[in-house]
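Novice: For reference, this is protein-v1.pdb, and it has PDB, C-alpha atoms and all ligand atoms.
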```pdb
MODEL        1
ATOM      1  CA  MET A   1    -191.270 181.104 104.563
ATOM      2  CA  THR A   2    -192.207 179.895 101.091
ATOM      3  CA  GLN A   3    -188.595 178.955 100.488
ATOM      4  CA  GLU A   4    -188.529 177.036 103.784
ATOM      5  CA  LYS A   5    -191.649 175.135 102.863
ATOM      6  CA  GLU A   6    -190.222 174.221  99.488
ATOM      7  CA  ALA A   7    -186.955 173.046 101.047
ATOM      8  CA  CYS A   8    -188.772 170.989 103.639
ATOM      9  CA  GLY A   9    -191.312 169.332 101.418
ATOM     10  CA  ILE A  10    -193.649 168.956 104.403
ATOM     11  CA  PRO A  11    -195.148 172.463 104.692
ATOM     12  CA  ASP A  12    -197.460 171.755 107.611
ATOM     13  CA  THR A  13    -194.812 170.257 109.819
ATOM     14  CA  CYS A  14    -191.575 172.020 108.896
ATOM     15  CA  SER A  15    -192.669 175.644 108.690
ATOM     16  CA  ARG A  16    -192.325 176.294 112.425
ATOM     17  CA  ALA A  17    -189.256 178.137 113.710
ATOM     18  CA  ILE A  18    -187.312 176.730 116.650
ATOM     19  CA  PRO A  19    -186.654 179.475 119.271
ATOM     20  CA  LEU A  20    -183.092 180.686 119.742
ATOM     21  CA  TRP A  21    -182.934 179.473 123.359
ATOM     22  CA  LEU A  22    -183.550 175.936 122.181
ATOM     23  CA  VAL A  23    -180.835 176.181 119.532
ATOM     24  CA  LEU A  24    -178.427 177.437 122.234
ATOM     25  CA  LEU A  25    -179.520 174.698 124.629
ATOM     26  CA  ASP A  26    -178.611 172.180 121.946
ATOM     27  CA  ASN A  27    -175.244 173.690 121.061
ATOM     28  CA  VAL A  28    -173.714 175.104 124.251
ATOM     29  CA  PRO A  29    -173.306 171.663 125.920
ATOM     30  CA  THR A  30    -171.641 170.343 122.753
ATOM     31  CA  LEU A  31    -169.168 173.231 122.721
ATOM     32  CA  THR A  32    -168.597 172.692 126.462
ATOM     33  CA  MET A  33    -167.844 169.035 125.777
ATOM     34  CA  TYR A  34    -165.300 170.000 123.100
ATOM     35  CA  ALA A  35    -163.598 172.371 125.565
ATOM     36  CA  LEU A  36    -163.493 169.690 128.266
ATOM     37  CA  GLY A  37    -162.234 167.117 125.756
ATOM     38  CA  THR A  38    -159.459 169.478 124.654
ATOM     39  CA  ALA A  39    -158.432 170.013 128.300
ATOM     40  CA  ILE A  40    -158.386 166.241 128.886
ATOM     41  CA  MET A  41    -156.195 165.688 125.825
ATOM     42  CA  TRP A  42    -153.762 168.505 126.681
ATOM     43  CA  PRO A  43    -151.402 166.436 128.922
ATOM     44  CA  LEU A  44    -150.794 164.134 125.943
ATOM     45  CA  GLY A  45    -149.347 167.111 124.066
ATOM     46  CA  TRP A  46    -150.822 170.304 122.666
ATOM     47  CA  ALA A  47    -150.828 168.847 119.137
ATOM     48  CA  TRP A  48    -153.203 166.044 120.210
ATOM     49  CA  ALA A  49    -155.475 168.519 121.936
ATOM     50  CA  VAL A  50    -155.574 170.874 118.944
ATOM     51  CA  ALA A  51    -156.095 167.915 116.575
ATOM     52  CA  TYR A  52    -159.055 166.778 118.683
ATOM     53  CA  LEU A  53    -160.610 170.238 118.664
ATOM     54  CA  ALA A  54    -160.037 170.638 114.925
ATOM     55  CA  TYR A  55    -161.539 167.224 114.167
ATOM     56  CA  SER A  56    -164.602 168.008 116.302
ATOM     57  CA  PHE A  57    -165.384 171.105 114.236
ATOM     58  CA  VAL A  58    -164.586 169.323 110.977
ATOM     59  CA  SER A  59    -166.950 166.513 111.994
ATOM     60  CA  ILE A  60    -169.743 169.061 112.396
ATOM     61  CA  VAL A  61    -169.129 170.333 108.868
ATOM     62  CA  LEU A  62    -169.086 166.720 107.646
ATOM     63  CA  PHE A  63    -172.437 166.239 109.419
ATOM     64  CA  TRP A  64    -173.801 169.269 107.546
ATOM     65  CA  MET A  65    -172.422 167.849 104.292
ATOM     66  CA  ARG A  66    -173.272 164.156 104.575
ATOM     67  CA  ILE A  67    -176.433 164.010 106.704
ATOM     68  CA  CYS A  68    -178.360 167.281 106.838
ATOM     69  CA  PRO A  69    -178.961 167.633 103.040
ATOM     70  CA  TYR A  70    -181.097 164.456 103.169
ATOM     71  CA  CYS A  71    -183.221 165.730 106.075
ATOM     72  CA  HIS A  72    -186.603 167.456 105.707
ATOM     73  CA  HIS A  73    -185.324 170.191 108.028
ATOM     74  CA  HIS A  74    -182.490 171.139 105.677
ATOM     75  CA  GLY A  75    -182.895 174.806 104.800
ATOM     76  CA  THR A  76    -185.631 175.391 107.382
ATOM     77  CA  LEU A  77    -185.787 176.956 110.830
ATOM     78  CA  ALA A  78    -187.390 173.792 112.177
ATOM     79  CA  CYS A  79    -184.074 172.029 112.836
ATOM     80  CA  PRO A  80    -183.736 171.740 116.643
ATOM     81  CA  CYS A  81    -180.020 172.603 116.658
ATOM     82  CA  GLY A  82    -179.830 175.085 113.799
ATOM     83  CA  TYR A  83    -177.608 172.895 111.625
ATOM     84  CA  GLY A  84    -180.291 172.705 108.953
ATOM     85  CA  VAL A  85    -179.950 176.423 108.215
ATOM     86  CA  LEU A  86    -176.133 176.415 108.238
ATOM     87  CA  SER A  87    -175.916 173.263 106.134
ATOM     88  CA  ALA A  88    -178.178 174.787 103.487
ATOM     89  CA  LYS A  89    -175.792 177.742 103.119
ATOM     90  CA  LEU A  90    -172.979 175.361 102.136
ATOM     91  CA  PHE A  91    -174.593 172.266 100.660
ATOM     92  CA  PRO A  92    -177.568 171.781  98.319
ATOM     93  CA  PRO A  93    -180.512 169.595  99.401
ATOM     94  CA  ARG A  94    -180.454 165.933  98.396
ATOM     95  CA  ARG A  95    -183.481 163.696  98.428
ATOM     96  CA  ASN A  96    -182.176 160.755  96.406
ATOM     97  CA  ARG A  97    -181.443 158.536  99.417
ATOM     98  CA  ASP A  98    -183.327 157.421 102.483
ATOM     99  CA  PHE A  99    -182.560 159.721 105.417
ATOM    100  CA  ARG A 100    -182.486 156.876 107.948
ATOM    101  CA  MET A 101    -179.892 154.978 105.948
ATOM    102  CA  VAL A 102    -177.754 158.098 105.398
ATOM    103  CA  PHE A 103    -177.929 158.947 109.103
ATOM    104  CA  ARG A 104    -176.927 155.445 110.214
ATOM    105  CA  ARG A 105    -174.016 155.278 107.774
ATOM    106  CA  ASN A 106    -172.548 158.666 108.654
ATOM    107  CA  ILE A 107    -173.275 159.315 112.312
ATOM    108  CA  ILE A 108    -170.028 157.495 113.155
ATOM    109  CA  LEU A 109    -168.196 160.618 111.961
ATOM    110  CA  VAL A 110    -169.017 162.418 115.208
ATOM    111  CA  PHE A 111    -168.236 159.514 117.550
ATOM    112  CA  PRO A 112    -164.494 160.333 117.964
ATOM    113  CA  SER A 113    -165.424 163.625 119.639
ATOM    114  CA  TRP A 114    -166.999 161.567 122.434
ATOM    115  CA  PHE A 115    -164.852 158.470 122.629
ATOM    116  CA  VAL A 116    -161.313 159.771 122.017
ATOM    117  CA  PRO A 117    -161.237 162.073 125.105
ATOM    118  CA  ALA A 118    -163.061 159.436 127.158
ATOM    119  CA  GLY A 119    -160.395 156.879 126.250
ATOM    120  CA  ALA A 120    -157.543 159.351 126.682
ATOM    121  CA  GLY A 121    -158.938 160.491 130.042
ATOM    122  CA  ALA A 122    -159.203 156.916 131.321
ATOM    123  CA  TYR A 123    -155.656 156.199 130.122
ATOM    124  CA  LEU A 124    -154.232 159.305 131.802
ATOM    125  CA  LEU A 125    -156.034 158.527 135.067
ATOM    126  CA  TRP A 126    -154.581 155.045 135.019
ATOM    127  CA  LYS A 127    -151.045 156.254 134.226
ATOM    128  CA  ALA A 128    -150.891 159.391 136.375
ATOM    129  CA  PHE A 129    -153.914 159.924 138.610
ATOM    130  CA  THR A 130    -154.654 163.435 139.837
ATOM    131  CA  TRP A 131    -157.876 164.759 141.334
ATOM    132  CA  PRO A 132    -158.196 167.623 138.799
ATOM    133  CA  SER A 133    -157.880 165.055 135.993
ATOM    134  CA  LEU A 134    -160.594 162.962 137.590
ATOM    135  CA  TRP A 135    -163.008 165.906 137.891
ATOM    136  CA  LEU A 136    -162.297 166.880 134.303
ATOM    137  CA  PHE A 137    -162.992 163.326 133.203
ATOM    138  CA  VAL A 138    -166.213 163.138 135.237
ATOM    139  CA  ALA A 139    -167.394 166.517 133.895
ATOM    140  CA  PHE A 140    -166.695 165.371 130.329
ATOM    141  CA  CYS A 141    -168.614 162.117 130.821
ATOM    142  CA  VAL A 142    -171.581 163.842 132.473
ATOM    143  CA  VAL A 143    -171.861 166.457 129.697
ATOM    144  CA  GLY A 144    -171.115 164.104 126.789
ATOM    145  CA  PHE A 145    -172.860 160.915 127.824
ATOM    146  CA  ALA A 146    -175.719 162.186 130.004
ATOM    147  CA  LEU A 147    -176.515 165.883 129.517
ATOM    148  CA  ILE A 148    -176.294 166.075 125.706
ATOM    149  CA  PRO A 149    -178.397 162.929 125.057
ATOM    150  CA  LEU A 150    -180.915 163.999 127.711
ATOM    151  CA  ILE A 151    -181.360 167.510 126.286
ATOM    152  CA  SER A 152    -181.698 166.069 122.840
ATOM    153  CA  LYS A 153    -184.214 163.383 123.784
ATOM    154  CA  LEU A 154    -186.254 165.379 126.323
ATOM    155  CA  VAL A 155    -186.168 168.889 124.814
ATOM    156  CA  GLY A 156    -184.505 169.483 121.439
ATOM    157  CA  CYS A 157    -185.731 166.481 119.468
ATOM    158  CA  ARG A 158    -188.741 165.699 121.629
ATOM    159  CA  ASN A 159    -191.164 167.863 119.685
ATOM    160  CA  CYS A 160    -189.481 167.431 116.328
ATOM    161  CA  SER A 161    -192.041 166.967 113.595
ATOM    162  CA  ILE A 162    -190.051 164.222 111.869
ATOM    163  CA  LYS A 163    -188.828 162.286 114.907
ATOM    164  CA  GLU A 164    -190.723 159.196 113.748
ATOM    165  CA  GLU A 165    -188.327 158.835 110.827
ATOM    166  CA  CYS A 166    -185.154 159.766 112.714
ATOM    167  CA  PRO A 167    -182.860 156.896 113.810
ATOM    168  CA  TRP A 168    -181.675 158.966 116.787
ATOM    169  CA  MET A 169    -185.190 159.202 118.232
ATOM    170  CA  LYS A 170    -186.420 155.835 116.916
ATOM    171  CA  PRO A 171    -183.379 153.558 116.679
ATOM    172  CA  LYS A 172    -185.421 150.461 115.870
ATOM    173  CA  GLY A 173    -187.878 152.067 113.495
TER     174      GLY A 173
HETATM  175  S1  LIG B 201    -182.679 167.745 112.231
HETATM  176 FE1  LIG B 201    -180.591 166.802 112.297
HETATM  177  S2  LIG B 201    -180.230 166.007 110.239
HETATM  178 FE2  LIG B 201    -181.994 167.409 110.120
HETATM  179  S3  LIG B 201    -181.109 169.376 109.499
HETATM  180 FE3  LIG B 201    -181.200 169.348 111.754
HETATM  181  S4  LIG B 201    -179.199 168.538 112.428
HETATM  182 FE4  LIG B 201    -179.409 168.085 110.254
ENDMDL
END
```
Can the structure in the file be given as structure tokens, please?
Ligand code: SF4
Specialist:
Amino acid sequence: MTQEKEACGIPDTCSRAIPLWLVLLDNVPTLTMYALGTAIMWPLGWAWAVAYLAYSFVSIVLFWMRICPYCHHHGTLACPCGYGVLSAKLFPPRRNRDFRMVFRRNIILVFPSWFVPAGAGAYLLWKAFTWPSLWLFVAFCVVGFALIPLISKLVGCRNCSIKEECPWMKPKG
């Protein structure tokens, strides 16, 4: 715990441990979205689908590398999705830049995981409509654009101790 407090720098707020169910609630929908996105991309060719899946996992590692080290939750169990712990195993903490600025500059790295399958799905529906493709597309959009943001805003990040300084929770702050 001492190590966590040191990594956090805010002992009173970052020493709590997020329960496993909450970490799973944050991550399972994301993995589901990747699976749905891969299925949407498959008709374009297996290489596109595999490239999408590979990029999605690489983008998570890039998130750990470029964003998490600047966060107070880096190296603590207080991170709502567990990335803070995993990031600390690979990347040292960095406090030499403002977290909000780092977040805003790098969050674009994960956007392709949402928008590439959405665009590909819309294109495929336009070119060769099938009902299974439509349901896949709808499921992807519901998970990616409704369920994941809702879980994050209403559960995962809702009680985060540093939400006031997070651009995701306070975009205009
Ligand atoms: S709260 Fe966000 S930025 Fe901070 S360690 Fe967790 S995933 Fe990374």
Novice: Assuming the chain letters and numbering stay as they are in my file, what does the PyMOL selection byres (((chain A and resi 26) around 8) and not hetatm) actually select? List them as a list in words.
Specialist: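 This file, filtered by the PyMOL selection byres (((chain A and resi 26) around 8) and not hetatm), leaves Leu22, Val23, Leu24, Leu25, Asn27, Val28, Pro29, Thr30, Pro80, Cys81, Ile148, Ile151, Ser152 and Gly156 of chain A.
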Novice: Ligand LIG 201 (chain B): which residues are within 7 Å, counting only C-alpha atoms and all ligand atoms? Reply as a list in words.
Specialist: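 What falls inside 7 Å of ligand LIG 201 (chain B) is Trp64, Ile67, Cys68, Cys71, His72, His73, His74, Cys79, Pro80, Cys81, Gly82, Tyr83 and Gly84 of chain A.
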Novice: So what do you get for atom CA of Leu136 of chain A versus atom CA of Lys153 of chain A, distance-wise?
Specialist: 24.6 Å
Novice: Any idea what's packed within 9 Å of segment 131-134 of chain A, counting only C-alpha atoms, ignoring anything in its chain fewer than 5 positions away? Could you give it as a list in words?
Specialist: Ile40, Gly121, Ala122, Leu124, Leu125 and Ala139 of chain A
Novice: Written as a VMD selection string, what is the full residue list that the PyMOL selection byres (((chain A and resi 95) around 12) and not hetatm) yields on the file shown?
Specialist: chain A and resid 7 to 9 66 to 74 92 to 94 96 to 100 102
Novice: In terms of the shortest atom-to-atom distance over only C-alpha atoms, which of A:Met169, A:Ala120, A:Val58, A:Ala146 is closest to Gly45 of chain A?
Specialist: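 Of A:Met169, A:Ala120, A:Val58, A:Ala146, the one nearest Gly45 of chain A, counting only C-alpha atoms, is A:Ala120.
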Novice: Report, in Å to a single decimal, how far apart atom CA of Asn106 of chain A and atom CA of Phe63 of chain A are.
Specialist: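 Computed distance, atom CA of Phe63 of chain A to atom CA of Asn106 of chain A, equals 7.6 Å.
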Novice: Nearest to Thr130 of chain A among A:Trp21, A:Pro43, A:Gly75, A:Trp168, with distances taken over all atoms listed in the file: which residue is it?
Specialist: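 Between A:Trp21, A:Pro43, A:Gly75, A:Trp168, the residue approaching Thr130 of chain A most closely is A:Pro43.
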Novice: Of the candidates A:Thr76, A:Asn159, A:Ser59, A:Ser87, which shows the shortest atom-to-atom distance to Ile108 of chain A, using all atoms listed in the file?
Specialist: A:Ser59
Novice: Taking only C-alpha atoms into account, name the residue in A:Val116, A:Cys166, A:Ala47, A:Ala128 that is nearest to Cys141 of chain A.
Specialist: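 Checking each candidate against Cys141 of chain A, we get A:Val116 as the closest.
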Novice: Once the PyMOL selection byres (((chain A and resi 110) around 10) and not hetatm) has been evaluated on this model, what residues remain selected, and can you format them as an MDAnalysis selection string?
Specialist: chainID A and resid 55:60 62:63 106:109 111:115
Novice: For Arg105 of chain A, which of A:Arg16, A:Ala35, A:Pro167, A:Val143 is the closest residue, counting only C-alpha atoms?
Specialist: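 Smallest separation from Arg105 of chain A among the options: A:Pro167.
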Novice: Which value, in Å to one decimal, gives the distance between atom CA of Val61 of chain A and atom CA of Ala17 of chain A?
Specialist: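 If I compute the distance from atom CA of Val61 of chain A to atom CA of Ala17 of chain A, I get 22.1 Å.
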Novice: With all atoms listed in the file as the basis for distance, which of A:Pro117, A:Ile18, A:Met101, A:Leu86 is at the shortest distance from Ala51 of chain A?
Specialist: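 The shortest atom-to-atom distance to Ala51 of chain A comes from A:Pro117.
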Novice: If the box runs along x, y and z of the file and leaves 8 Å on each side of segment 163-166 of chain A, what are its centre and edge lengths in Å, one decimal, as lines of an AutoDock Vina configuration file?
Specialist:
```
center_x = -187.9
center_y = 160.6
center_z = 112.9
size_x = 21.6
size_y = 19.5
size_z = 20.1
```
